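S.K.: Starting off with a structure, shown below.
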Amino acid sequence: MGRRGVNGSLRRHTSPSQPGGHNIRKNMAASRKATVVLKAVKRIAVQFCPFESNVRSTREFLAMVGSEKVRATNMNCEVVAVVKHDKSEPVVDVTYLDGEKLVLKGANLTSSEMLSTFQSRCTAKDPQAAAQK
């Protein structure tokens with residue numbers, strides 16, 4: 001059940017398959033392997049209610065595009081998190097430099113699916129990124 005830590009305190013041991021395990025970190029690490037470039041993006045607005053059960057993928061997507069490394073690819077890109085308490089559906093609203101919009105409804109998508117769709121659109125809009133592939 002529990003183990004004694006270095007300082008003698010009791011710690012709970014969880015396996016990766018149990019709630020509280022390490023699956024979140026593994027999923028996010030797998031998603032981060034793809035390099036995210038915000039060069040063609042003007043604004044990303046992520047909106048969710050944290051008390052709903054279907055926001056995990058949206059929060060993971062926000063963590064990926066909001067990281068310091070990714071934000072450094074376009075310092076002019078605005079990444080905004082709108083946290084609501086109205087049981088609203090989790091939504092990612094992306095505005096590109098050319099004015100085009102992409103709306104991702106996170107309730108029925110995984111973070112990998114969201115990132116893949118976002119990446120493919122960014123790559124199509126950035127000729128240098130398309131040339132690197």
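The chains in the structure tokens are called A, B, ... from first to last as shown; in each chain the residues are counted from 1, and the ligands are counted from 1 in the order shown.
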Give me, as a PyMOL selection string, the residues of region 35-132 of chain A that a backbone DSSP run labels alpha helix (DSSP H).

M.R.: chain A and resi 56-65+68-71+111-125+127-132

S.K.: Identify, on the basis of only C-alpha atoms, every residue whose closest approach to region 76-88 of chain A does not exceed 9 Å; exclude the query and any residue fewer than 2 positions from it along the same chain; express the result as a list of chain:residue names.

M.R.: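 Neighbouring residues, sequence-local ones excluded: A:Leu38, A:Lys39, A:Ala40, A:Val41, A:Lys42, A:Arg43, A:Ile44, A:Ala45, A:Val46, A:Gln47, A:Phe48, A:Cys49, A:Pro50, A:Phe51, A:Glu52, A:Leu62, A:Val65, A:Gly66, A:Arg71, A:Thr73, A:Asn74, A:Pro90, A:Val91.
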
S.K.: Would you mind exporting N, CA and C atoms of the selected residues as a PDB file, in the first residue's frame?

M.R.:
ATOM      1  N   LEU A  38       4.869  28.001 -34.121  1.00  0.00           N
ATOM      2  CA  LEU A  38       3.770  28.951 -34.174  1.00  0.00           C
ATOM      3  C   LEU A  38       4.002  30.078 -35.179  1.00  0.00           C
ATOM      4  N   LYS A  39       4.899  29.880 -36.116  1.00  0.00           N
ATOM      5  CA  LYS A  39       5.289  30.936 -37.049  1.00  0.00           C
ATOM      6  C   LYS A  39       4.105  31.535 -37.806  1.00  0.00           C
ATOM      7  N   ALA A  40       3.144  30.737 -38.220  1.00  0.00           N
ATOM      8  CA  ALA A  40       2.011  31.198 -39.024  1.00  0.00           C
ATOM      9  C   ALA A  40       0.784  31.548 -38.181  1.00  0.00           C
ATOM     10  N   VAL A  41       0.927  31.547 -36.853  1.00  0.00           N
ATOM     11  CA  VAL A  41      -0.212  31.726 -35.959  1.00  0.00           C
ATOM     12  C   VAL A  41      -0.195  33.119 -35.314  1.00  0.00           C
ATOM     13  N   LYS A  42      -1.367  33.748 -35.312  1.00  0.00           N
ATOM     14  CA  LYS A  42      -1.506  35.064 -34.693  1.00  0.00           C
ATOM     15  C   LYS A  42      -1.992  34.944 -33.256  1.00  0.00           C
ATOM     16  N   ARG A  43      -2.991  34.048 -33.032  1.00  0.00           N
ATOM     17  CA  ARG A  43      -3.596  33.947 -31.699  1.00  0.00           C
ATOM     18  C   ARG A  43      -4.158  32.554 -31.476  1.00  0.00           C
ATOM     19  N   ILE A  44      -4.004  32.051 -30.254  1.00  0.00           N
ATOM     20  CA  ILE A  44      -4.614  30.788 -29.838  1.00  0.00           C
ATOM     21  C   ILE A  44      -5.391  31.077 -28.561  1.00  0.00           C
ATOM     22  N   ALA A  45      -6.701  30.862 -28.617  1.00  0.00           N
ATOM     23  CA  ALA A  45      -7.549  31.046 -27.438  1.00  0.00           C
ATOM     24  C   ALA A  45      -8.093  29.684 -27.027  1.00  0.00           C
ATOM     25  N   VAL A  46      -7.797  29.287 -25.811  1.00  0.00           N
ATOM     26  CA  VAL A  46      -8.240  27.986 -25.292  1.00  0.00           C
ATOM     27  C   VAL A  46      -9.263  28.261 -24.200  1.00  0.00           C
ATOM     28  N   GLN A  47     -10.451  27.723 -24.370  1.00  0.00           N
ATOM     29  CA  GLN A  47     -11.549  27.992 -23.448  1.00  0.00           C
ATOM     30  C   GLN A  47     -12.087  26.679 -22.896  1.00  0.00           C
ATOM     31  N   PHE A  48     -12.217  26.583 -21.567  1.00  0.00           N
ATOM     32  CA  PHE A  48     -12.735  25.353 -20.964  1.00  0.00           C
ATOM     33  C   PHE A  48     -13.232  25.602 -19.555  1.00  0.00           C
ATOM     34  N   CYS A  49     -14.051  24.691 -19.088  1.00  0.00           N
ATOM     35  CA  CYS A  49     -14.510  24.671 -17.703  1.00  0.00           C
ATOM     36  C   CYS A  49     -13.730  23.556 -17.006  1.00  0.00           C
ATOM     37  N   PRO A  50     -12.884  23.868 -16.045  1.00  0.00           N
ATOM     38  CA  PRO A  50     -12.012  22.845 -15.446  1.00  0.00           C
ATOM     39  C   PRO A  50     -12.752  21.780 -14.650  1.00  0.00           C
ATOM     40  N   PHE A  51     -14.011  22.004 -14.346  1.00  0.00           N
ATOM     41  CA  PHE A  51     -14.760  21.053 -13.535  1.00  0.00           C
ATOM     42  C   PHE A  51     -15.475  19.991 -14.366  1.00  0.00           C
ATOM     43  N   GLU A  52     -15.404  20.102 -15.687  1.00  0.00           N
ATOM     44  CA  GLU A  52     -16.015  19.112 -16.561  1.00  0.00           C
ATOM     45  C   GLU A  52     -15.045  17.941 -16.768  1.00  0.00           C
ATOM     46  N   LEU A  62      -3.184  22.927 -24.460  1.00  0.00           N
ATOM     47  CA  LEU A  62      -2.758  24.230 -23.931  1.00  0.00           C
ATOM     48  C   LEU A  62      -1.353  24.142 -23.336  1.00  0.00           C
ATOM     49  N   VAL A  65       1.164  24.000 -26.438  1.00  0.00           N
ATOM     50  CA  VAL A  65       1.374  25.243 -27.196  1.00  0.00           C
ATOM     51  C   VAL A  65       1.766  26.406 -26.292  1.00  0.00           C
ATOM     52  N   GLY A  66       1.528  26.268 -25.006  1.00  0.00           N
ATOM     53  CA  GLY A  66       1.881  27.334 -24.077  1.00  0.00           C
ATOM     54  C   GLY A  66       3.260  27.212 -23.471  1.00  0.00           C
ATOM     55  N   ARG A  71       6.427  28.766 -27.502  1.00  0.00           N
ATOM     56  CA  ARG A  71       6.123  30.204 -27.581  1.00  0.00           C
ATOM     57  C   ARG A  71       7.282  30.980 -28.190  1.00  0.00           C
ATOM     58  N   THR A  73       8.955  30.226 -30.705  1.00  0.00           N
ATOM     59  CA  THR A  73       8.946  30.132 -32.167  1.00  0.00           C
ATOM     60  C   THR A  73       8.196  31.299 -32.804  1.00  0.00           C
ATOM     61  N   ASN A  74       7.384  32.012 -32.028  1.00  0.00           N
ATOM     62  CA  ASN A  74       6.704  33.219 -32.499  1.00  0.00           C
ATOM     63  C   ASN A  74       6.325  34.044 -31.272  1.00  0.00           C
ATOM     64  N   PRO A  90     -15.198  22.469 -24.094  1.00  0.00           N
ATOM     65  CA  PRO A  90     -13.822  22.919 -24.297  1.00  0.00           C
ATOM     66  C   PRO A  90     -13.554  23.204 -25.778  1.00  0.00           C
ATOM     67  N   VAL A  91     -13.026  24.390 -26.070  1.00  0.00           N
ATOM     68  CA  VAL A  91     -12.817  24.822 -27.443  1.00  0.00           C
ATOM     69  C   VAL A  91     -11.457  25.489 -27.576  1.00  0.00           C
TER      70      VAL A  91
END

S.K.: Just checking: using only C-alpha atoms, which residue out of A:Leu97, A:Met64, A:Met75, A:Val37 ends up closest to Met114 (chain A)?

M.R.: A:Met64

S.K.: One decimal, in Å: what's the spacing between CA of Asp98 (chain A) and CA of Thr110 (chain A)?

M.R.: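 Taking CA of Asp98 (chain A) and CA of Thr110 (chain A), their separation equals 26.6 Å.
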
S.K.: Just checking: using only C-alpha atoms, which residue out of A:Leu115, A:Leu109, A:Ala72, A:Ala124 ends up closest to Val55 (chain A)?

M.R.: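 Of A:Leu115, A:Leu109, A:Ala72, A:Ala124, the one nearest Val55 (chain A), counting only C-alpha atoms, is A:Leu109.
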
S.K.: Enumerate, as a PyMOL selection string, the complete set of residues in region 38-100 of chain A that a backbone-based DSSP assignment places in strand (DSSP E).

M.R.: chain A and resi 41-48+78-83+91-96

S.K.: Keeping only C-alpha atoms, take the residues you just selected and write them out as a CSV table (one decimal), in the first residue's frame.

M.R.:
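Result file result_26.csv:
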chain,number,residue,atom,x,y,z
A,41,VAL,CA,-0.2,31.7,-36.0
A,42,LYS,CA,-1.5,35.1,-34.7
A,43,ARG,CA,-3.6,33.9,-31.7
A,44,ILE,CA,-4.6,30.8,-29.8
A,45,ALA,CA,-7.5,31.0,-27.4
A,46,VAL,CA,-8.2,28.0,-25.3
A,47,GLN,CA,-11.5,28.0,-23.4
A,48,PHE,CA,-12.7,25.4,-21.0
A,78,GLU,CA,-0.9,35.5,-28.3
A,79,VAL,CA,-1.8,32.3,-26.3
A,80,VAL,CA,-4.8,33.0,-24.1
A,81,ALA,CA,-6.5,30.6,-21.6
A,82,VAL,CA,-10.1,31.4,-20.8
A,83,VAL,CA,-11.2,29.4,-17.7
A,91,VAL,CA,-12.8,24.8,-27.4
A,92,VAL,CA,-9.5,25.9,-29.0
A,93,ASP,CA,-9.8,28.8,-31.4
A,94,VAL,CA,-6.8,29.4,-33.6
A,95,THR,CA,-6.4,32.5,-35.7
A,96,TYR,CA,-3.7,32.4,-38.4
